[in-house]
>>> print(open('coords_26.txt').read())   # compact mmCIF, C-alpha atoms and all ligand atoms
# COMPACT_ATOMS: atom_id res chain seq x y z
CA SER A 1 100.24 53.13 10.47
CA GLN A 2 101.36 53.13 14.14
CA ARG A 3 103.96 55.86 13.51
CA THR A 4 101.45 58.38 12.22
CA LYS A 5 99.63 58.07 15.55
CA MET A 6 102.78 59.17 17.53
CA GLY A 7 102.87 62.88 18.47
CA LYS A 8 105.92 65.09 17.69
CA SER A 9 107.35 64.61 21.23
CA ASP A 10 107.10 60.83 20.92
CA ASN A 11 109.16 61.01 17.77
CA LYS A 12 111.81 63.00 19.77
CA ASP A 13 111.75 60.31 22.48
CA ARG A 14 112.20 57.59 19.88
CA LYS A 15 115.32 59.39 18.53
CA ASN A 16 116.82 59.57 22.08
CA LEU A 17 116.74 55.82 22.53
CA GLY A 18 119.91 55.48 20.45
CA LYS A 19 121.86 58.33 22.17
CA LYS A 20 124.50 57.86 24.95
CA LEU A 21 123.39 59.21 28.33
CA LYS A 22 125.23 62.49 28.85
CA ASP A 23 125.37 65.14 31.60
CA VAL A 24 124.74 62.43 34.19
CA GLU A 25 126.78 62.76 37.41
CA ILE A 26 127.35 60.71 40.54
CA SER A 27 127.52 62.88 43.64
CA ILE A 28 128.96 61.49 46.89
CA PRO A 29 128.23 63.67 49.93
CA ILE A 30 131.13 63.61 52.39
CA VAL A 31 132.01 65.16 55.74
CA TYR A 32 135.60 65.76 56.88
CA GLY A 33 136.93 67.19 60.11
CA ASN A 34 138.05 66.23 63.60
CA ILE A 35 136.85 65.35 67.07
CA ALA A 36 139.16 66.21 70.00
CA PHE A 37 139.10 65.28 73.70
CA TRP A 38 141.02 67.14 76.43
CA LEU A 39 142.83 64.49 78.53
CA GLY A 40 142.62 66.51 81.74
CA LYS A 41 145.17 68.14 84.03
CA LYS A 42 147.17 64.95 84.54
CA ALA A 43 148.06 64.58 80.86
CA SER A 44 151.54 65.65 79.70
CA GLU A 45 151.77 69.14 78.22
CA TYR A 46 152.81 67.74 74.82
CA HIS A 47 149.87 65.35 74.73
CA SER A 48 147.08 67.34 76.32
CA HIS A 49 144.50 66.15 73.76
CA LYS A 50 143.53 63.01 71.91
CA TRP A 51 142.07 63.73 68.47
CA THR A 52 140.76 61.92 65.39
CA VAL A 53 140.74 63.45 61.91
CA TYR A 54 138.43 61.75 59.38
CA VAL A 55 136.62 61.68 56.07
CA ARG A 56 133.22 59.97 56.20
CA GLY A 57 130.15 59.64 54.05
CA SER A 58 127.51 62.08 55.20
CA THR A 59 124.67 60.09 56.78
CA ASN A 60 127.49 57.52 57.20
CA GLU A 61 127.22 56.22 53.65
CA GLU A 62 129.98 53.70 52.74
CA LEU A 63 132.98 55.34 51.00
CA GLY A 64 134.93 52.10 50.34
CA PRO A 65 133.32 51.52 46.92
CA PHE A 66 134.55 54.97 45.78
CA ILE A 67 137.70 55.78 47.81
CA LYS A 68 140.80 53.52 47.66
CA ARG A 69 143.03 55.47 50.07
CA ALA A 70 143.19 58.60 52.23
CA VAL A 71 146.55 60.18 53.12
CA PHE A 72 146.68 62.50 56.14
CA GLN A 73 149.70 64.84 56.12
CA LEU A 74 150.46 65.92 59.69
CA HIS A 75 152.82 68.62 60.97
CA SER A 76 156.45 67.60 60.36
CA SER A 77 157.12 67.33 64.11
CA PHE A 78 155.00 64.16 64.32
CA ASN A 79 156.66 60.78 63.90
CA ASN A 80 156.01 59.54 60.34
CA PRO A 81 153.88 62.62 59.55
CA THR A 82 152.50 61.09 56.31
CA ARG A 83 149.77 58.71 57.44
CA VAL A 84 148.27 56.41 54.76
CA VAL A 85 144.87 54.76 55.36
CA ASN A 86 144.10 52.10 52.73
CA SER A 87 140.62 51.02 53.82
CA PRO A 88 137.60 52.49 55.57
CA PRO A 89 137.12 53.98 58.08
CA PHE A 90 139.26 56.79 56.60
CA GLU A 91 140.37 58.26 59.91
CA LEU A 92 143.54 58.86 61.92
CA SER A 93 143.89 59.25 65.70
CA GLU A 94 146.80 60.97 67.47
CA SER A 95 147.58 62.86 70.65
CA GLY A 96 149.06 66.33 70.72
CA TRP A 97 148.99 69.83 72.13
CA GLY A 98 148.22 72.22 69.31
CA GLU A 99 146.23 73.09 66.23
CA PHE A 100 147.62 72.99 62.69
CA GLU A 101 146.61 72.41 59.07
CA ILE A 102 146.16 68.80 57.97
CA ALA A 103 146.21 68.06 54.23
CA ILE A 104 143.98 65.11 53.28
CA THR A 105 144.54 63.50 49.86
CA ILE A 106 141.78 61.20 48.60
CA TYR A 107 142.59 58.52 45.96
CA PHE A 108 139.65 56.99 44.09
CA GLN A 109 138.95 53.34 43.25
CA SER A 110 138.19 54.03 39.63
CA ASP A 111 141.09 54.38 37.14
CA ILE A 112 139.05 56.91 35.14
CA TYR A 113 139.22 59.41 38.02
CA ASP A 114 142.98 59.22 38.28
CA LYS A 115 143.49 62.70 39.81
CA PRO A 116 143.40 62.59 43.64
CA LEU A 117 141.30 65.10 45.58
CA ASN A 118 143.07 67.42 48.05
CA LEU A 119 141.18 68.60 51.13
CA TYR A 120 142.52 70.86 53.89
CA HIS A 121 141.35 70.82 57.50
CA HIS A 122 142.59 73.02 60.34
CA LEU A 123 142.75 70.75 63.41
CA LYS A 124 140.71 72.21 66.29
CA LEU A 125 141.30 71.20 69.90
CA TYR A 126 140.01 74.18 71.88
CA PRO A 127 136.42 75.43 72.18
CA GLU A 128 135.61 78.76 70.45
CA ASP A 129 133.92 80.18 73.53
CA GLU A 130 136.59 81.32 76.04
CA ASN A 131 134.00 81.10 78.83
CA SER A 132 133.39 77.40 78.31
CA SER A 133 135.67 75.59 80.72
CA MET A 134 137.93 72.78 79.49
CA SER A 135 136.12 69.51 80.06
CA THR A 136 137.22 65.93 79.58
CA LYS A 137 133.57 65.14 79.03
CA LYS A 138 132.71 67.48 76.15
CA PRO A 139 134.70 66.91 72.92
CA VAL A 140 135.35 69.60 70.31
CA VAL A 141 133.93 68.62 66.91
CA VAL A 142 134.61 70.62 63.73
CA GLU A 143 133.35 69.32 60.38
CA CYS A 144 133.06 70.48 56.77
CA TYR A 145 130.47 69.18 54.34
CA ASP A 146 131.42 68.65 50.68
CA GLU A 147 130.32 66.64 47.67
CA ILE A 148 132.56 64.65 45.33
CA VAL A 149 130.97 64.79 41.87
CA PHE A 150 131.94 62.21 39.26
CA PRO A 151 130.83 62.52 35.64
CA ASP A 152 129.09 59.19 34.98
CA PRO A 153 130.68 57.57 31.90
CA SER A 154 127.66 55.33 31.21
O1 LIG B 1 150.19 73.78 67.40
C1 LIG B 1 150.92 74.08 66.52
N1 LIG B 1 151.77 73.25 65.92
C2 LIG B 1 151.96 71.93 66.31
C3 LIG B 1 152.85 71.10 65.75
C4 LIG B 1 152.83 69.82 66.33
C5 LIG B 1 151.92 69.71 67.33
C6 LIG B 1 151.58 68.56 68.17
O2 LIG B 1 150.51 68.55 68.75
N2 LIG B 1 152.43 67.57 68.30
C7 LIG B 1 153.76 67.24 67.73
C8 LIG B 1 153.65 65.91 68.47
C9 LIG B 1 154.70 65.63 69.43
N3 LIG B 1 155.33 64.49 69.50
C10 LIG B 1 156.25 64.46 70.49
C11 LIG B 1 156.33 65.61 71.24
S1 LIG B 1 155.20 66.68 70.60
C12 LIG B 1 152.34 66.37 69.08
S2 LIG B 1 151.10 71.18 67.55
C13 LIG B 1 150.90 75.49 65.97
C14 LIG B 1 151.88 76.38 66.69
C15 LIG B 1 151.10 77.52 67.22
C16 LIG B 1 149.69 77.32 66.80
N4 LIG B 1 149.61 76.04 66.14
>>> encode(input="coords_26.txt", output="structure tokens")
Amino acid sequence: SQRTKMGKSDNKDRKNLGKKLKDVEISIPIVYGNIAFWLGKKASEYHSHKWTVYVRGSTNEELGPFIKRAVFQLHSSFNNPTRVVNSPPFELSESGWGEFEIAITIYFQSDIYDKPLNLYHHLKLYPEDENSSMSTKKPVVVECYDEIVFPDPS
């Protein structure tokens, strides 16, 4: 009969057809960080820089299908320091004078992944290299790469 012709491994494959897929994951590569521009000598001392803090898909992949909301928690001296972004792009722009920790809380679209993800980014406005002169032309960019891994419930 047909079955006797199947090798041992084929029999194993046949048994797998009925099993649920397990150990399958969805991995979303993300980048989070900031870009900052010095506004030059004329700017006020409290607003010497304009900066944007963001979470984006690495290679600019769309995050909307996975992320419902990003909350950026700024230093308490900012007006309304809790900034909620409910749609992509998940970014926030402000002006300021200094560097401080920004907590970023990511809420997912899916109800299964109900726990939000907390990321922390230290805002950077000033170049590392003391010799490099302040320039309104060259922004400071600091980014971290991460991956959000979802177990796939298929
Ligand atoms: O920088 C730092 N903390 C900062 C907190 C707030 C900053 C800021 O930039 N801003 C508040 C907001 C203003 N709105 C109106 C007038 S100021 C613009 S900076 C620390 C201190 C030493 C090292 N890092």
>>> atom_distance(input="coords_26.txt", atom1="atom CA of A:Val31", atom2="atom CA of A:Ile148")
10.4 Å
>>> atom_distance(input="coords_26.txt", atom1="atom CA of A:Ala36", atom2="atom CA of A:Pro89")
17.2 Å
>>> atom_distance(input="coords_26.txt", atom1="atom CA of A:Cys144", atom2="atom CA of A:Phe90")
15.0 Å
>>> axis_aligned_box(input="coords_26.txt", around="ligand LIG 1 (chain B)", padding_each_side="3 Å", output="AutoDock Vina command-line options")
--center_x 153.0 --center_y 71.0 --center_z 68.5 --size_x 12.7 --size_y 19.1 --size_z 11.5
>>> closest_residue(input="coords_26.txt", among="A:Pro29, A:Asn118, A:Val142, A:Val24", to="A:Asn60", atoms="all atoms listed in the file")
A:Pro29
>>> residues_near_ligand(input="coords_26.txt", ligand="ligand LIG 1 (chain B)", cutoff="8 Å", atoms="only C-alpha atoms and all ligand atoms", output="list in words")
Tyr46, His47, His75, Ser76, Ser77, Phe78, Asn79, Glu94, Ser95, Gly96, Trp97, Gly98, Glu99 and Phe100 of chain A
>>> write_last_selection(input="coords_26.txt", atoms="C-alpha atoms", output="PDB file, in the frame of the given file")
ATOM      1  CA  TYR A  46     152.810  67.740  74.820  1.00  0.00           C
ATOM      2  CA  HIS A  47     149.870  65.350  74.730  1.00  0.00           C
ATOM      3  CA  HIS A  75     152.820  68.620  60.970  1.00  0.00           C
ATOM      4  CA  SER A  76     156.450  67.600  60.360  1.00  0.00           C
ATOM      5  CA  SER A  77     157.120  67.330  64.110  1.00  0.00           C
ATOM      6  CA  PHE A  78     155.000  64.160  64.320  1.00  0.00           C
ATOM      7  CA  ASN A  79     156.660  60.780  63.900  1.00  0.00           C
ATOM      8  CA  GLU A  94     146.800  60.970  67.470  1.00  0.00           C
ATOM      9  CA  SER A  95     147.580  62.860  70.650  1.00  0.00           C
ATOM     10  CA  GLY A  96     149.060  66.330  70.720  1.00  0.00           C
ATOM     11  CA  TRP A  97     148.990  69.830  72.130  1.00  0.00           C
ATOM     12  CA  GLY A  98     148.220  72.220  69.310  1.00  0.00           C
ATOM     13  CA  GLU A  99     146.230  73.090  66.230  1.00  0.00           C
ATOM     14  CA  PHE A 100     147.620  72.990  62.690  1.00  0.00           C
TER      15      PHE A 100
END
>>> closest_residue(input="coords_26.txt", among="A:Thr82, A:Ser58, A:Asn131, A:Ser93", to="A:Ser27", atoms="all atoms listed in the file")
A:Ser58
>>> closest_residue(input="coords_26.txt", among="A:Val149, A:Val85, A:Val141, A:Leu125", to="A:Trp38", atoms="all atoms listed in the file")
A:Leu125
>>> closest_residue(input="coords_26.txt", among="A:Pro88, A:Pro151, A:Pro116, A:Pro81", to="A:Ile28", atoms="only C-alpha atoms")
A:Pro151
>>> decode(input="coords_26.txt", residues="stretch 64-76 of chain A", atoms="N, CA and C atoms", output="mmCIF file, in the first residue's frame")
data_model
loop_
_atom_site.group_PDB
_atom_site.id
_atom_site.type_symbol
_atom_site.label_atom_id
_atom_site.label_comp_id
_atom_site.auth_asym_id
_atom_site.auth_seq_id
_atom_site.Cartn_x
_atom_site.Cartn_y
_atom_site.Cartn_z
ATOM 1 N N GLY A 64 2.598 50.979 13.003
ATOM 2 C CA GLY A 64 1.164 51.143 13.291
ATOM 3 C C GLY A 64 0.428 49.835 13.471
ATOM 4 N N PRO A 65 0.680 48.823 12.649
ATOM 5 C CA PRO A 65 -0.046 47.557 12.817
ATOM 6 C C PRO A 65 0.246 46.884 14.161
ATOM 7 N N PHE A 66 1.357 47.231 14.813
ATOM 8 C CA PHE A 66 1.727 46.542 16.064
ATOM 9 C C PHE A 66 1.579 47.443 17.291
ATOM 10 N N ILE A 67 1.858 48.746 17.133
ATOM 11 C CA ILE A 67 1.888 49.668 18.282
ATOM 12 C C ILE A 67 0.691 50.609 18.226
ATOM 13 N N LYS A 68 -0.070 50.643 19.331
ATOM 14 C CA LYS A 68 -1.299 51.478 19.420
ATOM 15 C C LYS A 68 -0.935 52.888 19.889
ATOM 16 N N ARG A 69 0.030 52.979 20.808
ATOM 17 C CA ARG A 69 0.330 54.260 21.464
ATOM 18 C C ARG A 69 1.745 54.258 22.020
ATOM 19 N N ALA A 70 2.383 55.435 21.988
ATOM 20 C CA ALA A 70 3.681 55.599 22.672
ATOM 21 C C ALA A 70 3.514 56.782 23.614
ATOM 22 N N VAL A 71 3.967 56.617 24.866
ATOM 23 C CA VAL A 71 3.901 57.708 25.841
ATOM 24 C C VAL A 71 5.331 58.103 26.195
ATOM 25 N N PHE A 72 5.635 59.389 25.988
ATOM 26 C CA PHE A 72 6.971 59.913 26.301
ATOM 27 C C PHE A 72 6.870 60.694 27.607
ATOM 28 N N GLN A 73 7.601 60.271 28.626
ATOM 29 C CA GLN A 73 7.565 60.940 29.937
ATOM 30 C C GLN A 73 8.779 61.861 30.044
ATOM 31 N N LEU A 74 8.506 63.185 29.977
ATOM 32 C CA LEU A 74 9.604 64.160 30.003
ATOM 33 C C LEU A 74 9.921 64.567 31.433
ATOM 34 N N HIS A 75 10.962 65.349 31.607
ATOM 35 C CA HIS A 75 11.312 65.902 32.930
ATOM 36 C C HIS A 75 10.130 66.742 33.422
ATOM 37 N N SER A 76 9.894 66.709 34.722
ATOM 38 C CA SER A 76 8.700 67.350 35.304
ATOM 39 C C SER A 76 8.666 68.863 35.069
#
